[in-house]
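**Student:** Just final.txt, nothing more (compact mmCIF, C-alpha atoms):
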# COMPACT_ATOMS: atom_id res chain seq x y z
CA MET D 9 114.15 142.82 56.86
CA TYR D 10 112.43 145.33 54.60
CA GLN D 11 111.34 148.95 54.67
CA LYS D 12 108.16 149.81 52.80
CA PHE D 13 107.35 153.30 51.59
CA GLN D 14 104.06 154.46 50.14
CA ALA D 15 103.79 157.92 48.62
CA ASP D 16 101.45 159.72 46.24
CA GLN D 17 103.74 158.98 43.29
CA VAL D 18 106.88 157.02 42.52
CA PHE D 19 109.34 158.07 39.84
CA THR D 20 111.33 154.98 38.89
CA GLY D 21 114.14 156.82 37.07
CA THR D 22 112.40 156.39 33.73
CA GLN D 23 108.69 156.37 34.51
CA LEU D 24 106.25 158.20 36.80
CA LEU D 25 103.85 155.87 38.61
CA ASP D 26 100.59 157.09 40.13
CA GLY D 27 98.15 155.18 42.30
CA ARG D 28 100.24 155.23 45.49
CA PRO D 29 102.41 152.14 44.85
CA VAL D 30 104.64 150.75 47.59
CA LEU D 31 108.42 150.83 47.25
CA VAL D 32 110.04 147.87 49.03
CA VAL D 33 113.65 148.31 50.14
CA ARG D 34 116.04 145.87 51.81
CA GLU D 35 117.87 146.73 55.01
CA ASP D 36 121.07 147.49 53.07
CA GLY D 37 119.27 150.09 50.93
CA SER D 38 118.92 147.92 47.84
CA ILE D 39 115.64 147.94 45.93
CA GLU D 40 113.46 144.85 46.22
CA ASP D 41 110.30 145.76 44.30
CA ILE D 42 107.50 148.23 43.56
CA ILE D 43 104.13 146.65 44.32
CA ALA D 44 100.49 147.45 45.04
CA LYS D 45 99.47 148.16 48.62
CA GLU D 46 97.32 145.05 48.85
CA ASP D 47 100.38 142.93 48.16
CA ALA D 48 102.70 144.76 50.56
CA GLY D 49 101.55 143.47 53.92
CA GLU D 50 102.01 145.52 57.08
CA ASP D 51 104.47 148.15 58.39
CA ILE D 52 104.09 150.50 55.45
CA GLN D 53 105.47 154.00 56.03
CA GLN D 54 102.97 156.55 54.69
CA LEU D 55 104.51 159.60 52.98
CA ASN D 56 103.08 162.64 51.24
CA GLY D 57 104.85 163.52 48.04
CA LEU D 58 106.88 161.81 45.33
CA LEU D 59 109.59 159.19 45.77
CA SER D 60 112.55 159.40 43.41
CA PRO D 61 115.94 157.73 43.08
CA GLY D 62 118.79 159.82 44.45
CA PHE D 63 119.95 162.73 42.32
CA VAL D 64 123.12 162.73 40.20
CA ASN D 65 124.93 166.06 40.05
CA ALA D 66 126.80 165.70 36.76
CA HIS D 67 128.90 168.85 37.11
CA CYS D 68 130.32 170.40 40.26
CA HIS D 69 133.54 172.03 41.51
CA LEU D 70 133.52 170.94 45.15
CA GLU D 71 137.00 172.36 45.78
CA LEU D 72 135.63 175.90 45.14
CA SER D 73 133.05 175.67 47.93
CA HIS D 74 134.88 178.30 50.01
CA LEU D 75 133.93 180.88 47.34
CA LYS D 76 130.25 180.83 48.34
CA ASN D 77 128.90 184.41 48.16
CA VAL D 78 132.39 185.74 47.35
CA ILE D 79 132.12 186.49 43.62
CA PRO D 80 129.12 188.73 42.88
CA PRO D 81 126.57 187.46 40.34
CA HIS D 82 126.24 188.69 36.75
CA THR D 83 129.92 189.50 36.18
CA GLY D 84 130.14 187.74 32.81
CA LEU D 85 132.32 184.71 32.14
CA GLN D 86 135.70 186.37 31.63
CA GLU D 87 135.50 188.47 34.79
CA PHE D 88 134.22 185.41 36.66
CA VAL D 89 137.21 183.30 35.55
CA LYS D 90 139.59 186.12 36.44
CA GLN D 91 138.21 186.26 39.99
CA ILE D 92 138.32 182.46 40.37
CA VAL D 93 142.04 182.48 39.61
CA SER D 94 142.76 185.24 42.12
CA LEU D 95 140.50 183.99 44.94
CA ARG D 96 140.83 180.20 44.99
CA LYS D 97 143.95 180.07 47.23
CA VAL D 98 143.10 180.43 50.91
CA GLU D 99 144.09 178.59 54.08
CA GLU D 100 143.70 174.81 53.84
CA HIS D 101 141.37 174.50 56.83
CA VAL D 102 138.99 177.06 55.29
CA ILE D 103 138.83 175.05 52.06
CA ALA D 104 138.37 171.75 53.93
CA ASP D 105 135.59 173.11 56.13
CA ALA D 106 133.71 174.53 53.15
CA ILE D 107 134.04 171.24 51.25
CA GLU D 108 132.61 169.29 54.18
CA LYS D 109 129.64 171.65 54.56
CA ALA D 110 128.94 171.62 50.82
CA GLU D 111 128.97 167.83 50.67
CA ASP D 112 126.67 167.64 53.67
CA GLU D 113 124.20 169.92 51.90
CA MET D 114 124.28 167.71 48.80
CA PHE D 115 123.87 164.56 50.90
CA GLN D 116 120.88 165.89 52.82
CA ASN D 117 118.99 167.12 49.76
CA GLY D 118 119.31 163.79 48.02
CA ILE D 119 122.41 163.84 45.81
CA VAL D 120 124.01 160.40 45.69
CA ALA D 121 126.65 160.88 42.98
CA VAL D 122 128.70 163.80 41.66
CA GLY D 123 130.81 164.44 38.59
CA ASP D 124 133.38 166.67 40.25
CA ILE D 125 135.97 168.87 38.53
CA CYS D 126 139.33 168.75 40.31
CA ASN D 127 142.43 170.89 39.82
CA THR D 128 143.86 169.80 43.18
CA LEU D 129 143.58 167.07 45.82
CA ASP D 130 141.70 169.38 48.19
CA THR D 131 138.58 167.17 48.10
CA ILE D 132 140.19 163.78 48.66
CA GLU D 133 139.90 163.71 52.47
CA GLN D 134 136.15 164.24 52.21
CA LYS D 135 135.67 161.85 49.31
CA ILE D 136 137.38 158.92 51.03
CA LYS D 137 134.47 158.88 53.51
CA HIS D 138 132.38 157.59 50.57
CA ARG D 139 129.14 159.22 51.69
CA ILE D 140 128.56 160.20 48.06
CA ALA D 141 129.89 158.46 44.94
CA TYR D 142 132.28 160.69 42.98
CA TYR D 143 133.71 160.67 39.51
CA SER D 144 136.68 163.02 39.91
CA PHE D 145 137.50 164.76 36.65
CA VAL D 146 141.14 165.85 36.90
CA GLU D 147 141.05 168.99 34.79
CA LEU D 148 144.04 170.03 32.71
CA TYR D 149 144.63 173.26 30.80
CA ASP D 150 147.57 175.11 29.25
CA LEU D 151 147.96 176.84 25.92
CA ASP D 152 151.75 176.59 25.89
CA PRO D 153 152.41 173.51 23.71
CA THR D 154 155.86 173.03 25.25
CA ARG D 155 154.33 172.32 28.71
CA ALA D 156 151.89 169.61 27.61
CA HIS D 157 153.98 166.66 28.85
CA ASP D 158 154.52 168.22 32.30
CA LYS D 159 150.78 168.87 32.62
CA ILE D 160 149.99 165.23 31.88
CA ILE D 161 152.50 164.00 34.49
CA THR D 162 150.97 166.29 37.14
CA GLY D 163 147.46 165.14 36.22
CA ILE D 164 148.38 161.46 36.37
CA ASP D 165 149.71 161.91 39.90
CA ILE D 166 146.39 163.43 41.05
CA GLN D 167 144.39 160.76 39.21
CA ASN D 168 146.39 157.95 40.81
CA LYS D 169 145.86 159.32 44.32
CA PHE D 170 142.09 159.37 43.79
CA GLN D 171 142.09 155.87 42.35
CA GLU D 172 144.25 154.51 45.18
CA ASN D 173 141.39 155.54 47.48
CA CYS D 174 138.70 153.83 45.35
CA ILE D 175 137.52 157.09 43.80
CA ARG D 176 136.89 157.03 40.07
CA ALA D 177 139.01 159.57 38.21
CA SER D 178 139.93 160.55 34.67
CA LEU D 179 142.09 163.19 32.99
CA VAL D 180 139.92 165.74 31.19
CA PRO D 181 140.36 168.99 29.24
CA HIS D 182 139.09 172.21 30.78
CA ALA D 183 137.67 173.71 27.56
CA PRO D 184 138.53 173.92 23.85
CA TYR D 185 140.02 177.40 24.26
CA SER D 186 142.34 176.54 27.15
CA VAL D 187 144.03 173.36 25.91
CA SER D 188 146.77 173.30 23.29
CA PHE D 189 146.51 170.76 20.50
CA ASN D 190 149.70 169.15 21.90
CA LEU D 191 147.99 168.65 25.23
CA TRP D 192 144.87 167.34 23.50
CA LYS D 193 146.92 164.67 21.73
CA LEU D 194 148.47 163.49 25.00
CA LEU D 195 145.14 163.56 26.83
CA THR D 196 143.49 161.23 24.34
CA GLU D 197 146.03 158.54 25.19
CA HIS D 198 144.49 158.41 28.68
CA PHE D 199 140.79 158.49 27.76
CA GLU D 200 140.52 154.68 27.60
CA SER D 201 137.16 153.54 29.05
CA HIS D 202 136.60 156.72 31.06
CA THR D 203 133.92 159.36 31.00
CA ILE D 204 135.47 162.62 29.80
CA THR D 205 133.92 166.02 30.44
CA MET D 206 134.59 169.49 29.05
CA HIS D 207 133.24 173.04 29.49
CA ASN D 208 131.75 173.88 26.11
CA GLN D 209 130.75 177.05 24.25
CA GLU D 210 129.96 179.23 27.25
CA THR D 211 130.33 182.45 25.25
CA LYS D 212 130.13 183.60 21.63
CA ASP D 213 133.78 184.66 21.92
CA GLU D 214 134.80 181.03 22.28
CA ASN D 215 133.47 180.27 18.80
CA ASP D 216 134.90 183.52 17.39
CA PHE D 217 138.35 182.54 18.62
CA PHE D 218 138.35 179.24 16.75
CA GLU D 219 136.52 180.39 13.65
CA THR D 220 138.44 183.62 12.93
CA LYS D 221 140.92 184.19 15.83
CA THR D 222 138.97 187.29 16.86
CA GLY D 223 137.01 188.41 19.91
CA SER D 224 137.68 189.22 23.52
CA PHE D 225 139.61 186.00 24.20
CA LEU D 226 142.61 187.60 22.50
CA GLY D 227 142.70 190.28 25.20
CA MET D 228 142.35 187.63 27.92
CA TYR D 229 145.37 185.74 26.61
CA GLU D 230 147.34 188.96 26.27
CA ARG D 231 146.65 189.86 29.92
CA THR D 232 147.85 186.42 31.02
CA LYS D 233 150.94 186.71 28.78
CA VAL D 234 150.01 183.69 26.67
CA SER D 235 151.52 183.79 23.19
CA LEU D 236 149.13 182.70 20.45
CA ASP D 237 151.69 182.68 17.67
CA PHE D 238 151.21 178.93 17.31
CA PHE D 239 147.41 179.08 17.02
CA GLU D 240 145.74 179.07 13.62
CA PRO D 241 141.94 179.50 13.38
CA THR D 242 140.13 176.38 12.22
CA GLY D 243 137.13 178.02 10.58
CA LEU D 244 134.93 175.78 12.76
CA THR D 245 133.15 176.31 16.07
CA SER D 246 135.11 175.41 19.17
CA VAL D 247 133.50 172.03 19.80
CA ARG D 248 133.87 170.93 16.18
CA SER D 249 137.49 172.11 16.19
CA VAL D 250 138.40 169.67 18.96
CA LEU D 251 135.98 166.89 18.03
CA PRO D 252 138.72 164.78 16.35
CA TYR D 253 140.30 164.48 19.81
CA PHE D 254 137.21 164.57 22.03
CA LYS D 255 135.41 161.81 20.11
CA LYS D 256 137.96 159.32 21.43
CA ALA D 257 136.27 159.48 24.83
CA HIS D 258 134.38 156.33 25.80
CA ARG D 259 131.59 158.53 27.18
CA SER D 260 131.41 162.31 27.29
CA ILE D 261 129.71 165.16 29.13
CA LEU D 262 129.63 168.59 27.49
CA VAL D 263 128.88 171.29 30.05
CA HIS D 264 126.98 174.61 29.68
CA ASN D 265 126.65 174.64 25.86
CA SER D 266 125.24 178.18 25.88
CA PHE D 267 126.25 178.92 22.27
CA THR D 268 125.87 175.45 20.78
CA SER D 269 124.11 175.18 17.41
CA VAL D 270 122.02 172.46 15.80
CA GLU D 271 124.99 171.68 13.56
CA ASP D 272 127.26 171.32 16.59
CA ILE D 273 124.86 168.95 18.32
CA GLN D 274 124.43 166.85 15.21
CA ALA D 275 128.19 166.67 14.65
CA VAL D 276 128.80 165.51 18.21
CA GLN D 277 125.97 162.97 18.12
CA LYS D 278 127.24 161.53 14.84
CA GLU D 279 130.78 161.04 16.16
CA MET D 280 129.89 160.36 19.81
CA PRO D 281 126.68 158.36 20.37
CA ASN D 282 127.56 158.18 24.08
CA SER D 283 127.53 161.96 24.52
CA PHE D 284 125.61 163.77 27.26
CA TRP D 285 124.81 167.47 27.48
CA CYS D 286 124.95 168.99 30.95
CA ILE D 287 122.86 172.03 31.76
CA CYS D 288 123.65 174.18 34.78
CA ALA D 289 120.72 176.57 34.75
CA ASN D 290 121.46 178.46 37.96
CA ALA D 291 125.14 178.91 37.07
CA ASN D 292 124.10 180.39 33.73
CA GLN D 293 121.78 182.74 35.60
CA TYR D 294 124.46 183.60 38.15
CA ILE D 295 127.22 184.43 35.67
CA GLU D 296 125.54 185.64 32.48
CA GLN D 297 121.82 185.94 33.33
CA THR D 298 121.08 183.50 30.50
CA MET D 299 119.52 180.07 30.16
CA PRO D 300 121.13 177.08 28.43
CA PRO D 301 119.59 176.06 25.06
CA ILE D 302 117.39 173.38 26.57
CA GLU D 303 114.70 173.38 23.89
CA LEU D 304 117.35 173.13 21.19
CA LEU D 305 118.86 170.09 22.89
CA ARG D 306 115.43 168.52 23.34
CA SER D 307 114.60 169.08 19.66
CA GLN D 308 117.68 167.04 18.74
CA LYS D 309 116.81 164.29 21.24
CA ALA D 310 120.08 164.94 23.04
CA ASN D 311 120.89 163.05 26.24
CA ILE D 312 120.51 165.78 28.87
CA VAL D 313 121.95 165.71 32.40
CA MET D 314 122.01 168.35 35.10
CA GLY D 315 124.64 169.93 37.35
CA THR D 316 124.89 172.60 40.00
CA ASP D 317 128.36 173.88 39.07
CA SER D 318 130.21 175.30 42.10
CA TYR D 319 129.35 177.54 45.02
CA ALA D 320 131.42 180.19 43.24
CA SER D 321 128.64 180.38 40.63
CA ASN D 322 125.48 179.22 42.39
CA TRP D 323 123.34 180.03 45.39
CA SER D 324 122.94 176.35 46.37
CA LEU D 325 124.08 172.84 45.53
CA ASP D 326 120.53 171.53 45.31
CA MET D 327 119.36 169.68 42.21
CA LEU D 328 115.76 170.55 42.97
CA ASP D 329 116.70 174.24 42.73
CA GLU D 330 117.97 173.53 39.21
CA ILE D 331 114.65 171.91 38.33
CA LYS D 332 112.78 174.92 39.76
CA THR D 333 114.71 177.35 37.58
CA ILE D 334 114.20 175.27 34.45
CA GLN D 335 110.49 174.87 35.09
CA GLN D 336 110.13 178.59 35.79
CA HIS D 337 111.48 179.37 32.32
CA LEU D 338 110.15 176.29 30.48
CA PRO D 339 106.95 175.15 32.24
CA GLN D 340 106.03 172.87 29.33
CA ILE D 341 108.71 170.31 30.24
CA PRO D 342 107.08 167.44 32.18
CA LEU D 343 108.33 166.70 35.67
CA ASP D 344 109.23 163.10 34.86
CA GLU D 345 111.52 164.26 32.03
CA LEU D 346 113.31 166.69 34.35
CA LEU D 347 113.70 164.01 37.02
CA GLY D 348 115.09 161.63 34.39
CA TRP D 349 117.84 164.13 33.58
CA ALA D 350 118.64 164.42 37.29
CA THR D 351 118.69 160.68 38.01
CA PHE D 352 118.98 157.94 35.36
CA ASN D 353 120.65 160.05 32.66
CA GLY D 354 123.22 161.34 35.12
CA ALA D 355 123.98 157.83 36.32
CA GLN D 356 124.52 156.70 32.73
CA ALA D 357 126.81 159.64 31.99
CA LEU D 358 128.99 158.78 35.00
CA GLN D 359 128.88 155.04 34.19
CA MET D 360 127.23 154.35 37.52
CA ASP D 361 123.85 153.17 36.20
CA LYS D 362 124.47 149.56 37.28
CA GLY D 363 124.09 150.67 40.87
CA ILE D 364 122.17 153.95 40.98
CA GLY D 365 119.82 156.12 38.93
CA SER D 366 116.65 154.00 39.01
CA PHE D 367 114.48 151.82 41.21
CA GLU D 368 115.49 148.41 39.86
CA LYS D 369 115.89 145.25 41.90
CA GLY D 370 119.33 145.05 43.50
CA LYS D 371 120.35 148.66 42.89
CA LYS D 372 121.16 151.05 45.76
CA PRO D 373 120.13 154.38 44.23
CA GLY D 374 119.17 156.17 47.43
CA ILE D 375 115.63 157.39 47.93
CA VAL D 376 114.54 161.02 47.84
CA LEU D 377 111.17 162.35 48.96
CA ILE D 378 110.00 165.41 47.02
CA GLU D 379 107.32 167.29 48.94
CA GLY D 380 105.08 170.23 48.07
CA LEU D 381 104.37 169.69 44.37
CA SER D 382 101.47 171.65 42.92
CA ASN D 383 98.19 170.05 41.87
CA GLU D 384 99.50 170.22 38.29
CA ASN D 385 102.57 168.19 39.31
CA LYS D 386 104.88 171.19 39.06
CA VAL D 387 107.60 172.28 41.44
CA THR D 388 106.95 175.50 43.29
CA GLU D 389 109.06 177.77 45.47
CA SER D 390 107.96 175.74 48.50
CA THR D 391 108.76 172.33 46.97
CA SER D 392 111.57 170.60 48.85
CA SER D 393 113.55 167.38 48.67
CA ARG D 394 115.17 165.25 51.36
CA ARG D 395 116.98 161.95 51.46
CA ILE D 396 115.14 159.21 53.34
CA VAL D 397 117.50 156.33 52.44
The structure in this file should be written as C-alpha cells.

**Tutor:**
Amino acid sequence: MYQKFQADQVFTGTQLLDGRPVLVVREDGSIEDIIAKEDAGEDIQQLNGLLSPGFVNAHCHLELSHLKNVIPPHTGLQEFVKQIVSLRKVEEHVIADAIEKAEDEMFQNGIVAVGDICNTLDTIEQKIKHRIAYYSFVELYDLDPTRAHDKIITGIDIQNKFQENCIRASLVPHAPYSVSFNLWKLLTEHFESHTITMHNQETKDENDFFETKTGSFLGMYERTKVSLDFFEPTGLTSVRSVLPYFKKAHRSILVHNSFTSVEDIQAVQKEMPNSFWCICANANQYIEQTMPPIELLRSQKANIVMGTDSYASNWSLDMLDEIKTIQQHLPQIPLDELLGWATFNGAQALQMDKGIGSFEKGKKPGIVLIEGLSNENKVTESTSSRRIV
C-alpha cells in the first residue's frame, strides 16, 4: 500500500525538484521513490506548495519550555543567564505540561528530530513516547576544578537513564567559559562515538576572558562567588582555547557563534572535519538583537545547521520561523540551501542521516508541506509548514 503526493516542488534534502514530481511513500512512512506523474498511476493526492523532509532542530532546551514569555527580550546574555538560573525551578507538573505542549508544537510544524540540551531528567517522560527522535545532550558545567569528578558522576547517571529508554544521549560541556580544564579532561573520556555540542562565542566578553582575563565575565563570576585564582588566560579565543579537548569529539555542533572569526572557523575545520555550526537566528534576536555570522560561515563553506533554542529565548519552536528571519536579513540565500541546513545537515550532525533528513528509498524522514511561498520562491510572513506524514 502506497501514498502518493504531488506538489508544485519537492525538496529532496539536497536538491530542489520542479515540474510537480510525485513522491511515493509506503504505508509505514518509508520513502519508495520520486517519479513523474505519468508513471505514478492513480490515487495521487494533489497538494499546493513544496514537499520537504521533516525538519531537524539541532539546538533546543525543551526543559525550559515553562519559561515561555517569562524573560523579556533584549536583556543581553548575562542578564538572560541570570534570570534562567533564578526562574527554572517551578512545580513539576507546570514543567511537564509545558514540555508536552512544546513538543506538540514541534511535531505539528514538521520537526522530526531534536538536539536537546538537558540539565535534568524533566523531559524523559515525554521523550519515551518517541513521537520525535531526540539526541539528549547532558550538559555539564562548573568552574571549580575540585568538583569535576562529582559532576561527571551526576552526568553519567542522567545519560544512563536516557539510554535505558532508547534515547540517544551524550555528556557535553556547556560553554568554554563555564567548564574547568579538569572537567574538560574528564569529559573527553566519554566523547567516544558521540555527537558533542557546545555554546560558543555568544559575546565578545567570552573571548576577552580567555585572551586577557578581562571583561564583564569577571564580575559575573564574582557575583556567583566563583574563585578564578586557578585560571590563567590562554591568549587565544575561547573556542581555540578548548579545541585540544573539543576536537576529540566524533562529531560536533557549535552553537550561536556570534563572535566567531575566520581564524576560529578555519582552526575548527582543520582539527574537526565533522564539525557543524548551529545558528539560532531568533534566539540571537531575542537576547541581543543581533544576527549570527551566517555569511562568514558560508564564505568558509562551513556545515551549517539550525536550531530554535528554548522558549526562554524564542517566540516559537518553529524551524520555518527561523528560515523567515534569516531570509528577511539575507534574502540572497536560496531556499534550497536554507532547507538543507534544516533537514539533511541537521540529520548528519545528530548522526541520524541513515533514517531521516532526505527523501531516499527506505528512509522515514517525515514529510512536511510548506505552503504560501512567493512567486520568487521566498518565504513570506504568511508561509506555513505542517507535517503530513

**Student:** Could I get the residues of range 79-166 of chain D with an atom no further than 8 Å from an atom of range 368-379 of chain D, each paired with its nearest atom pair and that distance in Å to one decimal, using all atoms listed in the file, sorted by chain and residue number, as CSV?

**Tutor:**
residue,atom,partner,partner_atom,distance
D:Asn117,CA,D:Val376,CA,7.8
D:Gly118,CA,D:Val376,CA,5.5
D:Val120,CA,D:Gly374,CA,6.7

**Student:** Would you write out those residues with C-alpha atoms, as a CSV table (one decimal), in the coordinates of the input?

**Tutor:**
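Below you can see out36.csv, which holds the result:
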chain,number,residue,atom,x,y,z
D,117,ASN,CA,119.0,167.1,49.8
D,118,GLY,CA,119.3,163.8,48.0
D,120,VAL,CA,124.0,160.4,45.7

**Student:** Can you tell me, as a list in words, which residues sit within 8 Å of (138.0, 175.4, 51.4) in the file's frame, using all atoms listed in the file?

**Tutor:**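 Output: Glu71, Leu72, Ser73, His74, Leu75, Val98, Glu99, Glu100, His101, Val102, Ile103, Ala104, Asp105, Ala106, Ile107 and Asp130 of chain D.
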
**Student:** Any idea what's packed within 10 Å of Leu305 in chain D, counting all atoms listed in the file, ignoring anything in its chain fewer than 3 positions away? Could you give it as a ChimeraX atom specification?

**Tutor:** /D:265,268-270,273,285,287,300-302,308-312

**Student:** Since we have the selection now, will you write its residues out, keeping C-alpha atoms, as a PDB file, keeping the file's coordinate frame?

**Tutor:**
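Written output follows (result_17.pdb):
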ATOM      1  CA  ASN D 265     126.650 174.640  25.860  1.00  0.00           C
ATOM      2  CA  THR D 268     125.870 175.450  20.780  1.00  0.00           C
ATOM      3  CA  SER D 269     124.110 175.180  17.410  1.00  0.00           C
ATOM      4  CA  VAL D 270     122.020 172.460  15.800  1.00  0.00           C
ATOM      5  CA  ILE D 273     124.860 168.950  18.320  1.00  0.00           C
ATOM      6  CA  TRP D 285     124.810 167.470  27.480  1.00  0.00           C
ATOM      7  CA  ILE D 287     122.860 172.030  31.760  1.00  0.00           C
ATOM      8  CA  PRO D 300     121.130 177.080  28.430  1.00  0.00           C
ATOM      9  CA  PRO D 301     119.590 176.060  25.060  1.00  0.00           C
ATOM     10  CA  ILE D 302     117.390 173.380  26.570  1.00  0.00           C
ATOM     11  CA  GLN D 308     117.680 167.040  18.740  1.00  0.00           C
ATOM     12  CA  LYS D 309     116.810 164.290  21.240  1.00  0.00           C
ATOM     13  CA  ALA D 310     120.080 164.940  23.040  1.00  0.00           C
ATOM     14  CA  ASN D 311     120.890 163.050  26.240  1.00  0.00           C
ATOM     15  CA  ILE D 312     120.510 165.780  28.870  1.00  0.00           C
TER      16      ILE D 312
END

**Student:** Restrict the calculation to all atoms listed in the file, then for each residue of range 9-64 of chain D with any atom at most 12 Å from an atom of range 344-364 of chain D give the closest atom pair and their distance in Å to one decimal, rows by chain and rising residue number, as CSV.

**Tutor:**
residue,atom,partner,partner_atom,distance
D:Gln17,CA,D:Asp344,CA,10.9
D:Val18,CA,D:Asp344,CA,10.1
D:Phe19,CA,D:Asp344,CA,7.1
D:Thr20,CA,D:Gly348,CA,8.9
D:Gly21,CA,D:Phe352,CA,5.3
D:Thr22,CA,D:Gly348,CA,5.9
D:Gln23,CA,D:Asp344,CA,6.8
D:Leu24,CA,D:Asp344,CA,6.1
D:Leu25,CA,D:Asp344,CA,9.8
D:Asp26,CA,D:Asp344,CA,11.8
D:Gly37,CA,D:Ile364,CA,11.1
D:Ser38,CA,D:Gly363,CA,9.1
D:Ile39,CA,D:Ile364,CA,10.2
D:Leu58,CA,D:Asp344,CA,10.8
D:Leu59,CA,D:Leu347,CA,10.8
D:Ser60,CA,D:Leu347,CA,8.0
D:Pro61,CA,D:Thr351,CA,6.5
D:Gly62,CA,D:Thr351,CA,6.5
D:Phe63,CA,D:Thr351,CA,4.9
D:Val64,CA,D:Gly354,CA,5.3

**Student:** If we count all atoms listed in the file and set the cut-off at 8 Å, which residues sit around Cys286 in chain D, ignoring sequence neighbours fewer than 2 positions away in its own chain? Please answer as a list in words.

**Tutor:**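 Residues meeting the cut-off are Ala66, His67, Ile261, Leu262, Val263, His264, Asn265, Phe284, Cys288, Ile312, Val313, Met314 and Gly315 of chain D.
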
**Student:** For the residues selected in the previous step, produce a file with C-alpha atoms as a short mmCIF file (atom, residue, chain, number, x, y, z; two decimals), in the frame of the given file.

**Tutor:**
data_model
loop_
_atom_site.label_atom_id
_atom_site.label_comp_id
_atom_site.auth_asym_id
_atom_site.auth_seq_id
_atom_site.Cartn_x
_atom_site.Cartn_y
_atom_site.Cartn_z
CA ALA D 66 126.80 165.70 36.76
CA HIS D 67 128.90 168.85 37.11
CA ILE D 261 129.71 165.16 29.13
CA LEU D 262 129.63 168.59 27.49
CA VAL D 263 128.88 171.29 30.05
CA HIS D 264 126.98 174.61 29.68
CA ASN D 265 126.65 174.64 25.86
CA PHE D 284 125.61 163.77 27.26
CA CYS D 288 123.65 174.18 34.78
CA ILE D 312 120.51 165.78 28.87
CA VAL D 313 121.95 165.71 32.40
CA MET D 314 122.01 168.35 35.10
CA GLY D 315 124.64 169.93 37.35
#

**Student:** From the list D:Gly57, D:Gly243, D:Pro81, D:Pro342, which residue is nearest Thr391 in chain D when using all atoms listed in the file?

**Tutor:** D:Gly57

**Student:** Between D:Asp47, D:Asp272, D:Glu389, D:Asp158, which residue has the minimum interatomic distance to Asn208 in chain D, considering only C-alpha atoms?

**Tutor:**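 For Asn208 in chain D, the nearest of the candidates is D:Asp272.
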
**Student:** For Ala141 in chain D, which of D:Glu384, D:Ala177, D:Arg231, D:Asn127 is the closest residue, counting only C-alpha atoms?

**Tutor:**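 Result for the nearest residue to Ala141 in chain D: D:Ala177.
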
**Student:** When you get a chance, write out N, CA and C atoms for range 344-357 of chain D, as a short mmCIF file (atom, residue, chain, number, x, y, z; two decimals), keeping the file's coordinate frame.

**Tutor:**
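After the write, out.cif holds the following:
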data_model
loop_
_atom_site.label_atom_id
_atom_site.label_comp_id
_atom_site.auth_asym_id
_atom_site.auth_seq_id
_atom_site.Cartn_x
_atom_site.Cartn_y
_atom_site.Cartn_z
N ASP D 344 108.51 164.37 34.96
CA ASP D 344 109.23 163.10 34.86
C ASP D 344 110.44 163.21 33.92
N GLU D 345 110.36 164.07 32.91
CA GLU D 345 111.52 164.26 32.03
C GLU D 345 112.65 164.96 32.79
N LEU D 346 112.31 165.98 33.55
CA LEU D 346 113.31 166.69 34.35
C LEU D 346 113.97 165.75 35.36
N LEU D 347 113.16 164.94 36.03
CA LEU D 347 113.70 164.01 37.02
C LEU D 347 114.58 162.95 36.35
N GLY D 348 114.24 162.58 35.12
CA GLY D 348 115.09 161.63 34.39
C GLY D 348 116.47 162.19 34.12
N TRP D 349 116.54 163.48 33.78
CA TRP D 349 117.84 164.13 33.58
C TRP D 349 118.65 164.09 34.87
N ALA D 350 117.96 164.28 36.00
CA ALA D 350 118.64 164.42 37.29
C ALA D 350 118.96 163.09 37.96
N THR D 351 118.49 161.99 37.38
CA THR D 351 118.69 160.68 38.01
C THR D 351 119.32 159.68 37.03
N PHE D 352 118.50 159.03 36.22
CA PHE D 352 118.98 157.94 35.36
C PHE D 352 119.98 158.42 34.32
N ASN D 353 119.71 159.55 33.66
CA ASN D 353 120.65 160.05 32.66
C ASN D 353 122.00 160.37 33.28
N GLY D 354 121.97 161.01 34.45
CA GLY D 354 123.22 161.34 35.12
C GLY D 354 124.01 160.11 35.50
N ALA D 355 123.30 159.08 35.97
CA ALA D 355 123.98 157.83 36.32
C ALA D 355 124.62 157.19 35.10
N GLN D 356 123.93 157.23 33.97
CA GLN D 356 124.52 156.70 32.73
C GLN D 356 125.76 157.49 32.33
N ALA D 357 125.69 158.80 32.40
CA ALA D 357 126.81 159.64 31.99
C ALA D 357 128.05 159.33 32.82
#
